[in-house]
>>> print(open('final-v5.cif').read())   # mmCIF, C-alpha atoms
data_start
#
loop_
_atom_site.label_atom_id
_atom_site.label_comp_id
_atom_site.auth_asym_id
_atom_site.auth_seq_id
_atom_site.Cartn_x
_atom_site.Cartn_y
_atom_site.Cartn_z
CA MET A 1 -1.20 8.25 -11.02
CA ARG A 2 -3.78 10.86 -10.11
CA PRO A 3 -2.54 13.93 -8.27
CA MET A 4 -2.46 13.57 -4.52
CA ARG A 5 -4.84 15.63 -2.49
CA LEU A 6 -5.62 16.36 1.10
CA LEU A 7 -8.27 14.39 2.93
CA ARG A 8 -9.88 17.55 4.10
CA GLY A 9 -13.10 17.22 6.00
CA ILE A 10 -15.97 19.62 6.51
CA VAL A 11 -14.96 22.59 8.62
CA ALA A 12 -17.66 24.08 10.76
CA THR A 13 -18.75 27.56 9.78
CA ALA A 14 -18.55 28.72 13.38
CA THR A 15 -15.40 28.50 15.46
CA VAL A 16 -15.22 27.82 19.14
CA ALA A 17 -14.68 31.46 19.93
CA ALA A 18 -17.65 31.26 22.26
CA SER A 19 -15.88 28.51 24.19
CA LEU A 20 -12.81 30.70 24.47
CA ALA A 21 -14.95 33.50 25.85
CA LEU A 22 -16.42 31.14 28.44
CA LEU A 23 -12.93 30.01 29.30
CA ALA A 24 -11.79 33.57 29.94
CA ALA A 25 -14.71 34.16 32.29
CA ALA A 26 -14.58 30.82 34.09
CA PRO A 27 -12.88 30.63 37.48
CA ALA A 28 -9.83 28.42 37.80
CA SER A 29 -10.40 24.97 39.26
CA ALA A 30 -8.86 24.20 42.61
CA ALA A 31 -7.16 21.21 40.99
CA THR A 32 -5.58 23.32 38.27
CA PRO A 33 -1.79 23.59 38.67
CA GLU A 34 -0.14 26.94 39.06
CA PRO A 35 0.57 28.60 35.71
CA ALA A 36 4.04 27.90 34.39
CA PRO A 37 6.09 30.08 32.07
CA VAL A 38 5.51 29.43 28.39
CA ALA A 39 8.43 27.46 26.97
CA THR A 40 10.52 29.01 24.24
CA PRO A 41 11.12 27.04 21.02
CA ASP A 42 14.62 26.11 22.19
CA ALA A 43 13.65 25.13 25.72
CA THR A 44 12.29 21.86 27.07
CA PRO A 45 8.62 22.48 27.95
CA PRO A 46 7.44 21.78 31.49
CA PRO A 47 5.10 18.87 32.18
CA VAL A 48 1.83 19.51 30.36
CA ALA A 49 -1.19 20.38 32.48
CA ASP A 50 -4.72 19.28 31.65
CA ASP A 51 -7.98 20.87 32.75
CA PRO A 52 -10.87 18.62 31.68
CA LYS A 53 -13.33 21.37 32.70
CA ASP A 54 -11.98 23.76 30.11
CA PRO A 55 -14.59 24.13 27.32
CA ILE A 56 -12.05 23.32 24.62
CA ARG A 57 -10.60 20.36 26.47
CA ALA A 58 -14.12 19.15 27.19
CA SER A 59 -14.84 19.27 23.45
CA GLU A 60 -11.94 16.90 22.82
CA TYR A 61 -14.12 13.88 23.49
CA TRP A 62 -11.49 11.49 22.09
CA LEU A 63 -9.21 12.17 25.06
CA ASP A 64 -11.53 10.09 27.20
CA GLY A 65 -13.26 8.07 24.49
CA ALA A 66 -9.97 6.62 23.26
CA ARG A 67 -8.60 6.49 26.86
CA ILE A 68 -5.84 8.96 26.05
CA ARG A 69 -6.04 10.73 29.41
CA GLU A 70 -5.61 7.36 31.06
CA ALA A 71 -2.51 6.70 28.94
CA TRP A 72 -1.07 10.04 30.10
CA ARG A 73 -0.62 8.54 33.56
CA THR A 74 2.25 6.59 32.00
CA THR A 75 3.60 8.93 29.32
CA ARG A 76 2.79 12.01 27.30
CA GLY A 77 5.17 11.20 24.46
CA LYS A 78 8.44 12.63 25.76
CA GLY A 79 11.41 11.41 23.77
CA SER A 80 9.46 10.58 20.60
CA THR A 81 9.24 12.57 17.36
CA ILE A 82 6.30 12.80 14.95
CA ALA A 83 6.85 14.03 11.38
CA ILE A 84 3.84 15.86 9.92
CA ILE A 85 4.05 15.68 6.11
CA ASP A 86 1.35 18.18 5.16
CA THR A 87 0.81 21.81 4.23
CA GLY A 88 3.14 23.00 6.99
CA ILE A 89 2.70 23.64 10.70
CA GLY A 90 1.85 27.30 11.23
CA ARG A 91 2.71 29.42 14.23
CA PRO A 92 -0.52 29.87 16.20
CA PRO A 93 0.20 31.69 19.47
CA GLY A 94 1.24 29.23 22.17
CA ALA A 95 -0.05 26.06 20.46
CA PHE A 96 3.35 24.69 19.47
CA ASP A 97 5.78 26.46 21.75
CA GLY A 98 8.78 24.17 22.08
CA ALA A 99 7.11 21.51 19.95
CA VAL A 100 8.52 21.86 16.42
CA ALA A 101 12.10 20.63 16.51
CA ASP A 102 12.89 21.00 12.81
CA GLY A 103 11.30 21.38 9.42
CA THR A 104 11.79 21.72 5.70
CA ASP A 105 9.89 22.39 2.48
CA VAL A 106 9.86 19.85 -0.36
CA SER A 107 7.35 21.62 -2.61
CA GLY A 108 9.65 24.29 -3.95
CA SER A 109 7.11 26.92 -2.87
CA GLY A 110 7.45 27.13 0.91
CA THR A 111 10.03 28.47 3.34
CA PRO A 112 13.10 26.42 4.32
CA ASP A 113 11.77 25.70 7.82
CA GLY A 114 8.49 24.20 6.55
CA ARG A 115 6.47 26.47 8.84
CA THR A 116 4.76 28.61 6.19
CA PRO A 117 1.32 27.10 5.42
CA LEU A 118 0.94 26.34 1.71
CA GLY A 119 -2.13 26.50 -0.48
CA THR A 120 -5.21 28.66 -0.57
CA LYS A 121 -8.24 26.80 0.81
CA ASP A 122 -6.17 24.04 2.45
CA LYS A 123 -3.31 25.97 4.00
CA ASN A 124 -4.46 25.34 7.60
CA HIS A 125 -4.71 21.59 7.09
CA GLY A 126 -1.20 20.82 8.31
CA THR A 127 -1.67 22.97 11.42
CA TRP A 128 -4.95 21.20 12.29
CA VAL A 129 -3.28 17.81 11.86
CA ALA A 130 -0.33 18.83 14.01
CA SER A 131 -2.58 20.21 16.75
CA LEU A 132 -4.34 16.84 17.09
CA ALA A 133 -1.02 15.03 17.27
CA GLY A 134 0.98 17.27 19.57
CA ALA A 135 -0.45 20.70 20.44
CA ARG A 136 0.87 21.91 23.78
CA GLY A 137 -2.13 23.78 25.09
CA ALA A 138 -1.76 26.60 27.58
CA ALA A 139 0.44 26.23 30.62
CA ASP A 140 -2.59 26.38 32.93
CA GLY A 141 -4.13 23.28 31.35
CA THR A 142 -6.53 25.06 29.03
CA GLY A 143 -6.74 25.33 25.24
CA MET A 144 -6.42 22.55 22.70
CA ILE A 145 -4.00 19.78 23.57
CA GLY A 146 -2.69 17.03 21.32
CA VAL A 147 -2.55 13.31 21.98
CA ALA A 148 1.23 13.39 22.57
CA PRO A 149 1.78 16.88 24.03
CA GLU A 150 5.39 16.20 25.01
CA ALA A 151 6.49 14.67 21.70
CA LYS A 152 8.58 16.66 19.25
CA LEU A 153 7.20 17.55 15.83
CA LEU A 154 8.81 17.86 12.41
CA SER A 155 7.11 20.20 9.93
CA ILE A 156 7.55 19.09 6.32
CA SER A 157 5.56 21.30 3.97
CA ILE A 158 4.25 19.94 0.69
CA GLY A 159 2.08 21.49 -2.01
CA PHE A 160 -1.16 19.88 -3.11
CA GLU A 161 -2.30 22.35 -5.73
CA ALA A 162 -1.52 22.68 -9.42
CA ALA A 163 0.95 25.49 -8.77
CA ALA A 164 3.35 23.17 -6.92
CA VAL A 165 6.82 23.36 -8.45
CA VAL A 166 7.80 19.78 -7.63
CA PRO A 167 5.64 16.79 -8.74
CA PHE A 168 3.53 15.32 -5.93
CA THR A 169 5.09 11.87 -6.01
CA GLU A 170 8.56 13.35 -5.84
CA GLN A 171 7.56 15.55 -2.89
CA ILE A 172 6.34 12.57 -0.86
CA ALA A 173 9.41 10.48 -1.62
CA LYS A 174 11.72 13.32 -0.62
CA ALA A 175 9.66 14.14 2.49
CA MET A 176 9.75 10.54 3.71
CA ARG A 177 13.52 10.36 3.46
CA TRP A 178 14.01 13.75 5.10
CA ALA A 179 11.77 12.76 8.01
CA VAL A 180 13.71 9.54 8.57
CA ASP A 181 17.08 11.29 8.34
CA HIS A 182 15.99 13.91 10.90
CA GLY A 183 14.92 11.55 13.63
CA ALA A 184 11.24 10.77 13.06
CA ASP A 185 9.89 7.87 15.11
CA VAL A 186 6.42 8.28 13.59
CA ILE A 187 5.40 9.75 10.22
CA ASN A 188 1.85 11.01 9.64
CA LEU A 189 0.36 11.22 6.13
CA SER A 190 -3.16 12.68 6.00
CA LEU A 191 -3.51 12.47 2.21
CA THR A 192 -4.64 10.14 -0.57
CA THR A 193 -4.24 9.58 -4.30
CA ASN A 194 -7.62 7.85 -4.80
CA THR A 195 -5.85 5.02 -6.64
CA LEU A 196 -4.82 1.61 -5.35
CA ASP A 197 -1.37 1.70 -6.91
CA TRP A 198 1.47 4.14 -6.32
CA ASP A 199 4.49 5.52 -8.08
CA GLU A 200 7.52 3.24 -8.01
CA SER A 201 9.58 6.01 -6.42
CA TRP A 202 7.53 5.43 -3.27
CA ASP A 203 8.81 1.84 -3.05
CA ASP A 204 12.23 3.00 -1.99
CA ALA A 205 10.96 5.92 0.10
CA PHE A 206 8.60 3.87 2.26
CA LEU A 207 11.01 0.96 2.41
CA TYR A 208 13.62 3.42 3.65
CA ALA A 209 11.30 4.37 6.53
CA PHE A 210 10.56 0.75 7.43
CA GLU A 211 14.23 -0.21 7.30
CA HIS A 212 14.97 2.63 9.74
CA ASP A 213 12.30 1.49 12.20
CA VAL A 214 9.75 4.28 11.63
CA VAL A 215 6.01 3.85 12.18
CA VAL A 216 4.09 5.26 9.19
CA VAL A 217 0.46 6.25 9.89
CA VAL A 218 -1.84 6.99 6.94
CA ALA A 219 -5.43 8.25 6.63
CA ALA A 220 -7.90 5.92 4.89
CA GLY A 221 -9.83 8.66 3.06
CA ASN A 222 -13.33 10.12 3.19
CA ARG A 223 -16.45 9.28 1.22
CA GLY A 224 -17.52 12.90 1.57
CA SER A 225 -14.55 14.02 -0.51
CA GLY A 226 -15.00 11.37 -3.19
CA THR A 227 -12.99 8.45 -1.82
CA SER A 228 -15.07 5.26 -1.95
CA ILE A 229 -12.26 2.87 -1.02
CA VAL A 230 -8.79 3.33 0.38
CA GLY A 231 -6.15 4.64 -2.00
CA ALA A 232 -2.38 4.90 -1.87
CA PRO A 233 -0.48 5.45 0.37
CA ALA A 234 -3.06 3.61 2.52
CA THR A 235 -2.61 0.55 0.29
CA ILE A 236 1.15 0.29 0.79
CA PRO A 237 2.09 -2.81 2.83
CA GLY A 238 3.48 -1.95 6.25
CA VAL A 239 1.67 1.34 6.89
CA LEU A 240 -0.92 1.65 9.66
CA THR A 241 -4.08 2.80 7.88
CA VAL A 242 -6.66 4.64 9.99
CA GLY A 243 -10.41 4.53 9.40
CA GLY A 244 -12.84 6.98 10.99
CA VAL A 245 -15.72 6.67 13.45
CA ASP A 246 -18.20 9.13 14.92
CA GLN A 247 -18.64 10.11 18.56
CA HIS A 248 -20.53 6.86 19.23
CA GLY A 249 -17.87 4.61 17.72
CA ASP A 250 -19.83 3.87 14.56
CA ALA A 251 -18.08 3.93 11.19
CA SER A 252 -18.43 7.41 9.74
CA VAL A 253 -20.56 7.61 6.62
CA GLU A 254 -18.96 10.76 5.19
CA ALA A 255 -15.71 11.16 7.14
CA SER A 256 -14.22 7.74 6.39
CA THR A 257 -14.04 5.07 3.73
CA GLN A 258 -13.45 1.33 3.71
CA GLY A 259 -10.84 -1.17 2.62
CA ILE A 260 -9.06 -4.34 3.63
CA THR A 261 -5.90 -2.40 4.56
CA ILE A 262 -7.53 -0.48 7.43
CA GLY A 263 -5.78 -1.42 10.65
CA ILE A 264 -7.41 0.74 13.35
CA SER A 265 -10.30 3.18 13.72
CA ALA A 266 -10.24 6.52 15.51
CA PRO A 267 -12.55 9.55 15.83
CA SER A 268 -13.03 11.45 12.56
CA GLU A 269 -16.09 13.60 13.29
CA GLY A 270 -16.48 16.73 15.38
CA LEU A 271 -12.71 17.16 15.72
CA LEU A 272 -10.97 20.35 16.77
CA GLY A 273 -8.04 21.99 15.07
CA VAL A 274 -5.94 25.08 15.70
CA SER A 275 -5.49 27.21 12.59
CA ALA A 276 -2.33 29.12 11.82
CA ASP A 277 -3.87 32.32 13.17
CA GLY A 278 -4.79 30.66 16.47
CA THR A 279 -8.48 30.18 15.68
CA VAL A 280 -9.92 26.87 16.87
CA VAL A 281 -12.29 25.23 14.38
CA THR A 282 -14.24 21.99 14.18
CA TRP A 283 -13.64 19.68 11.25
CA ASP A 284 -14.22 16.10 10.06
CA GLY A 285 -12.18 13.49 8.24
CA THR A 286 -9.68 10.70 8.59
CA SER A 287 -7.11 13.45 8.13
CA GLY A 288 -7.81 14.05 11.81
CA ALA A 289 -8.17 10.40 12.82
CA ALA A 290 -4.66 9.64 11.54
CA PRO A 291 -2.77 12.12 13.77
CA ILE A 292 -4.72 10.88 16.80
CA VAL A 293 -3.32 7.41 16.09
CA ALA A 294 0.11 8.88 15.27
CA GLY A 295 0.04 10.53 18.70
CA VAL A 296 -0.76 7.19 20.35
CA ALA A 297 2.11 5.60 18.42
CA ALA A 298 4.37 8.29 19.91
CA LEU A 299 3.03 7.47 23.40
CA VAL A 300 3.83 3.78 22.87
CA ARG A 301 7.33 4.56 21.58
CA SER A 302 7.90 6.80 24.59
CA ALA A 303 6.69 4.17 27.07
CA HIS A 304 8.46 1.28 25.30
CA PRO A 305 11.63 2.64 23.68
CA ASP A 306 12.89 -0.92 23.19
CA LEU A 307 10.06 -1.84 20.80
CA ASP A 308 10.57 -1.70 17.06
CA ALA A 309 8.01 -0.21 14.68
CA ALA A 310 6.36 -3.58 13.96
CA ASN A 311 5.65 -4.14 17.64
CA VAL A 312 4.39 -0.58 18.15
CA ILE A 313 1.84 -1.17 15.39
CA ASN A 314 1.04 -4.59 16.79
CA ARG A 315 0.30 -3.14 20.25
CA ILE A 316 -2.08 -0.57 18.76
CA ILE A 317 -4.12 -3.05 16.73
CA ARG A 318 -4.06 -5.95 19.23
CA THR A 319 -5.32 -3.78 22.09
CA ALA A 320 -8.10 -2.19 20.06
CA THR A 321 -11.59 -2.23 21.54
CA ALA A 322 -13.79 -4.76 19.75
CA VAL A 323 -16.72 -3.38 17.77
CA PRO A 324 -20.07 -5.01 18.60
CA GLY A 325 -21.32 -7.12 15.71
CA VAL A 326 -17.92 -7.43 14.03
CA LYS A 327 -16.99 -11.11 14.10
CA ARG A 328 -13.85 -11.22 11.98
CA VAL A 329 -10.90 -8.86 11.97
CA PRO A 330 -9.52 -7.00 10.24
CA ASP A 331 -12.85 -5.54 9.18
CA PRO A 332 -13.03 -3.32 6.06
CA LEU A 333 -14.70 -0.56 8.10
CA TYR A 334 -13.04 -0.81 11.51
CA GLY A 335 -9.81 -2.76 10.97
CA TYR A 336 -9.00 -4.48 14.25
CA GLY A 337 -11.30 -2.22 16.24
CA LEU A 338 -11.45 1.13 18.02
CA LEU A 339 -8.32 2.88 19.26
CA ASN A 340 -7.54 2.24 22.95
CA ALA A 341 -4.53 4.34 23.95
CA ALA A 342 -4.29 3.18 27.57
CA ALA A 343 -4.24 -0.49 26.60
CA ALA A 344 -1.73 0.16 23.81
CA VAL A 345 0.62 1.77 26.33
CA THR A 346 0.17 -0.54 29.32
CA ALA A 347 -1.18 -3.94 28.21
CA ASP A 348 0.93 -7.07 28.12
CA VAL A 349 1.17 -7.84 24.39
CA PRO A 350 3.34 -10.68 23.00
CA LYS A 351 6.02 -9.50 20.63
CA VAL A 352 5.97 -10.20 16.93
CA SER A 353 8.80 -10.66 14.47
CA ALA A 354 7.12 -9.07 11.46
CA ASN A 355 4.94 -6.05 10.73
CA PRO A 356 1.31 -7.23 10.99
CA MET A 357 0.29 -4.73 8.31
CA GLY A 358 2.42 -6.39 5.63
CA ASP A 359 5.88 -6.55 4.12
CA LEU A 360 6.64 -3.98 1.43
CA GLU A 361 9.94 -5.61 0.49
CA GLU A 362 8.19 -8.91 -0.23
CA TRP A 363 5.48 -7.10 -2.19
CA ILE A 364 8.12 -5.44 -4.34
CA ARG A 365 9.80 -8.79 -4.96
CA LEU A 366 6.52 -10.33 -6.11
CA TYR A 367 4.93 -7.51 -8.08
CA ARG A 368 7.68 -5.28 -9.43
CA ARG A 369 9.67 -6.55 -12.43
CA ALA A 370 13.24 -6.93 -11.26
CA GLU A 371 15.90 -5.15 -13.27
CA SER A 372 18.35 -7.53 -14.96
CA ASP A 373 21.23 -7.37 -17.42
CA PRO A 374 20.37 -8.30 -21.00
CA ALA A 375 20.92 -11.97 -21.79
CA PRO A 376 24.18 -12.63 -23.67
CA GLU A 377 23.95 -13.38 -27.38
CA PRO A 378 24.60 -17.11 -28.01
CA THR A 379 27.69 -18.04 -30.09
CA VAL A 380 26.67 -19.82 -33.29
CA THR A 381 29.11 -22.46 -34.66
CA PRO A 382 28.59 -23.37 -38.35
CA ILE A 383 27.84 -27.05 -39.00
CA ALA A 384 29.65 -28.73 -41.92
CA VAL A 385 27.16 -30.42 -44.27
CA PRO A 386 28.54 -33.06 -46.75
CA PRO A 387 27.90 -32.24 -50.39
CA LEU A 388 24.92 -33.84 -52.08
CA PRO A 389 25.54 -36.46 -54.80
CA ALA A 390 25.53 -35.30 -58.39
CA ALA A 391 22.17 -35.26 -60.05
CA ASP A 392 21.31 -37.78 -62.79
CA ALA A 393 21.86 -36.61 -66.32
CA PRO A 394 18.66 -35.46 -67.95
CA THR A 395 17.10 -37.82 -70.54
CA LYS A 396 15.79 -36.85 -73.92
CA PRO A 397 12.02 -36.55 -74.03
CA GLY A 398 10.28 -39.35 -75.99
CA SER A 399 6.80 -40.27 -77.18
CA PRO A 400 4.43 -41.21 -74.36
CA LEU A 401 3.11 -44.08 -76.56
CA LEU A 402 6.48 -45.85 -76.79
CA PRO A 403 7.97 -47.72 -73.84
CA SER A 404 10.97 -46.20 -72.18
CA ALA A 405 13.92 -48.00 -70.70
CA GLU A 406 12.58 -47.43 -67.22
CA SER A 407 9.09 -48.75 -68.10
CA LEU A 408 10.61 -51.83 -69.71
CA ARG A 409 12.97 -52.41 -66.76
CA TYR A 410 10.51 -51.76 -63.94
CA GLY A 411 7.19 -52.62 -65.62
CA THR A 412 7.20 -54.86 -68.67
CA LEU A 413 10.00 -57.27 -67.74
CA PRO A 414 8.75 -57.99 -64.17
CA LEU A 415 5.25 -58.47 -65.59
CA LEU A 416 6.48 -60.98 -68.17
CA ALA A 417 8.52 -62.77 -65.51
CA LEU A 418 5.38 -63.33 -63.47
CA THR A 419 2.90 -63.91 -66.30
CA VAL A 420 4.76 -66.52 -68.43
CA PRO A 421 5.27 -69.05 -65.63
CA GLY A 422 1.67 -68.63 -64.67
CA ILE A 423 0.52 -69.40 -68.24
CA LEU A 424 2.74 -72.46 -68.43
CA VAL A 425 1.44 -73.77 -65.13
CA ALA A 426 -2.13 -73.25 -66.30
CA LEU A 427 -1.46 -75.11 -69.60
CA GLY A 428 0.12 -78.00 -67.74
CA VAL A 429 -2.82 -78.29 -65.37
CA THR A 430 -5.24 -78.26 -68.29
CA ALA A 431 -3.35 -80.99 -70.17
CA ALA A 432 -3.19 -83.18 -67.08
CA ALA A 433 -6.91 -82.83 -66.55
CA ARG A 434 -7.60 -83.92 -70.12
CA ARG A 435 -5.43 -87.00 -69.79
CA ILE A 436 -7.18 -88.04 -66.62
CA ARG A 437 -10.59 -87.64 -68.25
CA SER A 438 -9.55 -89.71 -71.31
CA ALA A 439 -8.31 -92.50 -69.07
CA ARG A 440 -11.65 -92.66 -67.23
CA ASP A 441 -13.55 -92.86 -70.53
CA ARG A 442 -11.54 -95.94 -71.62
CA ARG A 443 -12.15 -97.86 -68.43
CA THR A 444 -15.86 -97.31 -68.38
CA PRO A 445 -17.68 -100.38 -70.18
CA SER A 446 -20.22 -99.79 -72.85
CA PRO A 447 -23.90 -100.63 -71.93
#
>>> encode(input="final-v5.cif", output="structure tokens")
Amino acid sequence: MRPMRLLRGIVATATVAASLALLAAAPASAATPEPAPVATPDATPPPVADDPKDPIRASEYWLDGARIREAWRTTRGKGSTIAIIDTGIGRPPGAFDGAVADGTDVSGSGTPDGRTPLGTKDKNHGTWVASLAGARGAADGTGMIGVAPEAKLLSISIGFEAAAVVPFTEQIAKAMRWAVDHGADVINLSLTTNTLDWDESWDDAFLYAFEHDVVVVVAAGNRGSGTSIVGAPATIPGVLTVGGVDQHGDASVEASTQGITIGISAPSEGLLGVSADGTVVTWDGTSGAAPIVAGVAALVRSAHPDLDAANVINRIIRTATAVPGVKRVPDPLYGYGLLNAAAAVTADVPKVSANPMGDLEEWIRLYRRAESDPAPEPTVTPIAVPPLPAADAPTKPGSPLLPSAESLRYGTLPLLALTVPGILVALGVTAAARRIRSARDRRTPSP
């Protein structure tokens, strides 16, 4: 299997520092709630405010485009937990206050709490992903806010570079199990291997998540980073694979890929992300589309705690907004359509009994060679064979010109027995014919 890598998109060279400056100078809206104290990591945060006029909030076009603000009228994700398996969620000032409930490192290179960003060029990736899923924003309703701003987050740091101590496949398998064991309702994986197949150790790890009723959301990959079609883990049956669209809802040319396993599409261009140092940047990629969907999954789990993972996924794909021109779903570019958070949370959707994205256990049964004990060696019973009769005594060699006893017995004597009677019969017939002719001659008068 090829090494796993992040589905990093293109990060804008300029940050939104100018927007922050405008925010500092802008007067507070009359509808803006009174500022509340910033929650400490051990405290339950107050209800999240939202100021759509804030320049940063206004840049989060997906909040309205995917009807996330509308879904917030019902829930903001309280009671649900999203595990971010990535480079680690940093500590940008205020962005995740009270959000990260627990964490760990499975790379062998990070800190035990999983909060130290790993890598060189990609170390902020996990923080950007987490900010799209569950950033808190400022108490006055400004600053970047995630899709599920009242959900808890788990920070599981993994290493994507060659210096990682633990093999990539082993990191993912361990991270999946840790997330499940520490209360994850949703797991987000913004990574790919660029291969259709996956290591067999992932069979048990992903099956463990499904058996414990966890929704697993996976990024489809980006053409811009060399992914032409979806690769594992987006090919694993049962995961909700996310494709990317631009601000107009069209399939992204660079910041997405295609494949028959795509289940839903979400914004993947012009996204915002909070870096570990608090800087807000713009970036592209299905790495960002996935946590938007993971956040919606957390909203659904919060609004419908009785639903299992299969029905959470089913609500998300069955309430998707249809894409004009797409006649059959799932479509290799859009899946079942465009993400619609409000409908996923509030619509009346019939329940299903199986995960609509596939059954990993059945796939394993069909395509993995089952382990079995060696077949027992058969017991061989000897068969008694009666002895052969004694061979004839050899005869002395004789001249080929002289008859042997065998030639006389089987050749000459039978020939004489048949020939002599035949000669006698022929002689008798000849004599009879002569007598008849002589008798005719005597009866015939002379002229």
>>> closest_residue(input="final-v5.cif", among="A:Leu360, A:Ala393, A:Val106, A:Val293", to="A:Phe168", atoms="only C-alpha atoms")
A:Val106
>>> closest_residue(input="final-v5.cif", among="A:Val425, A:Ile156, A:Val147, A:Val300", to="A:Ala83", atoms="all atoms listed in the file")
A:Ile156
>>> atom_distance(input="final-v5.cif", atom1="atom CA of A:Trp128", atom2="atom CA of A:Asp97")
15.2 Å
>>> resolve_selection(input="final-v5.cif", expression="the PyMOL selection byres ((chain A and resi 289) around 6)", output="list in words")
Ala266, Pro267, Ser268, Thr286, Ser287, Gly288, Ala290, Pro291 and Ile292 of chain A
>>> atom_distance(input="final-v5.cif", atom1="atom CA of A:Pro55", atom2="atom CA of A:Gly88")
27.0 Å
>>> resolve_selection(input="final-v5.cif", expression="the PyMOL selection byres ((chain A and resi 105) around 10)", output="PyMOL selection string")
chain A and resi 85-88+103-104+106-116+118+155-159+171+174-175+178
>>> resolve_selection(input="final-v5.cif", expression="the PyMOL selection byres ((chain A and resi 255) around 6)", output="count of residues only")
6
>>> atom_distance(input="final-v5.cif", atom1="atom CA of A:Glu170", atom2="atom CA of A:Ile236")
16.4 Å
>>> residues_around(input="final-v5.cif", residues="A:Ser131", least_positions_apart="6", cutoff="7 Å", atoms="all atoms listed in the file", output="PyMOL selection string")
chain A and resi 145-146+273-274
>>> closest_residue(input="final-v5.cif", among="A:Tyr334, A:Tyr61, A:Phe160, A:Trp72", to="A:Gly259", atoms="all atoms listed in the file")
A:Tyr334
>>> closest_residue(input="final-v5.cif", among="A:Val323, A:Leu196, A:Leu424, A:Leu191", to="A:Ser225", atoms="all atoms listed in the file")
A:Leu191
>>> closest_residue(input="final-v5.cif", among="A:Ile264, A:Leu271, A:Ala234, A:Ala343", to="A:Ile313", atoms="only C-alpha atoms")
A:Ile264
>>> closest_residue(input="final-v5.cif", among="A:Trp62, A:Ile229, A:Ala49, A:Pro92", to="A:Asp140", atoms="only C-alpha atoms")
A:Ala49
>>> residues_around(input="final-v5.cif", residues="A:Pro332", least_positions_apart="3", cutoff="8 Å", atoms="all atoms listed in the file", output="list of chain:residue names")
A:Gln258, A:Gly259, A:Ile260, A:Thr261, A:Ile262, A:Gly335
>>> residues_around(input="final-v5.cif", residues="A:His304", least_positions_apart="5", cutoff="9 Å", atoms="all atoms listed in the file", output="CSV table (one decimal) with C-alpha atoms, in the coordinates of the input")
chain,number,residue,atom,x,y,z
A,299,LEU,CA,3.0,7.5,23.4
A,312,VAL,CA,4.4,-0.6,18.2
A,345,VAL,CA,0.6,1.8,26.3
>>> residues_around(input="final-v5.cif", residues="A:Val48", least_positions_apart="5", cutoff="8 Å", atoms="only C-alpha atoms", output="number ranges by chain")
A: 136-137, 139, 141, 149-150
>>> write_last_selection(input="final-v5.cif", atoms="C-alpha atoms", output="PDB file, in the coordinates of the input")
ATOM      1  CA  ARG A 136       0.870  21.910  23.780  1.00  0.00           C
ATOM      2  CA  GLY A 137      -2.130  23.780  25.090  1.00  0.00           C
ATOM      3  CA  ALA A 139       0.440  26.230  30.620  1.00  0.00           C
ATOM      4  CA  GLY A 141      -4.130  23.280  31.350  1.00  0.00           C
ATOM      5  CA  PRO A 149       1.780  16.880  24.030  1.00  0.00           C
ATOM      6  CA  GLU A 150       5.390  16.200  25.010  1.00  0.00           C
TER       7      GLU A 150
END
>>> residues_around(input="final-v5.cif", residues="stretch 347-358 of chain A", least_positions_apart="6", cutoff="7 Å", atoms="all atoms listed in the file", output="JSON, numbers by chain")
{"A": [237, 238, 239, 240, 310, 311, 314, 315]}
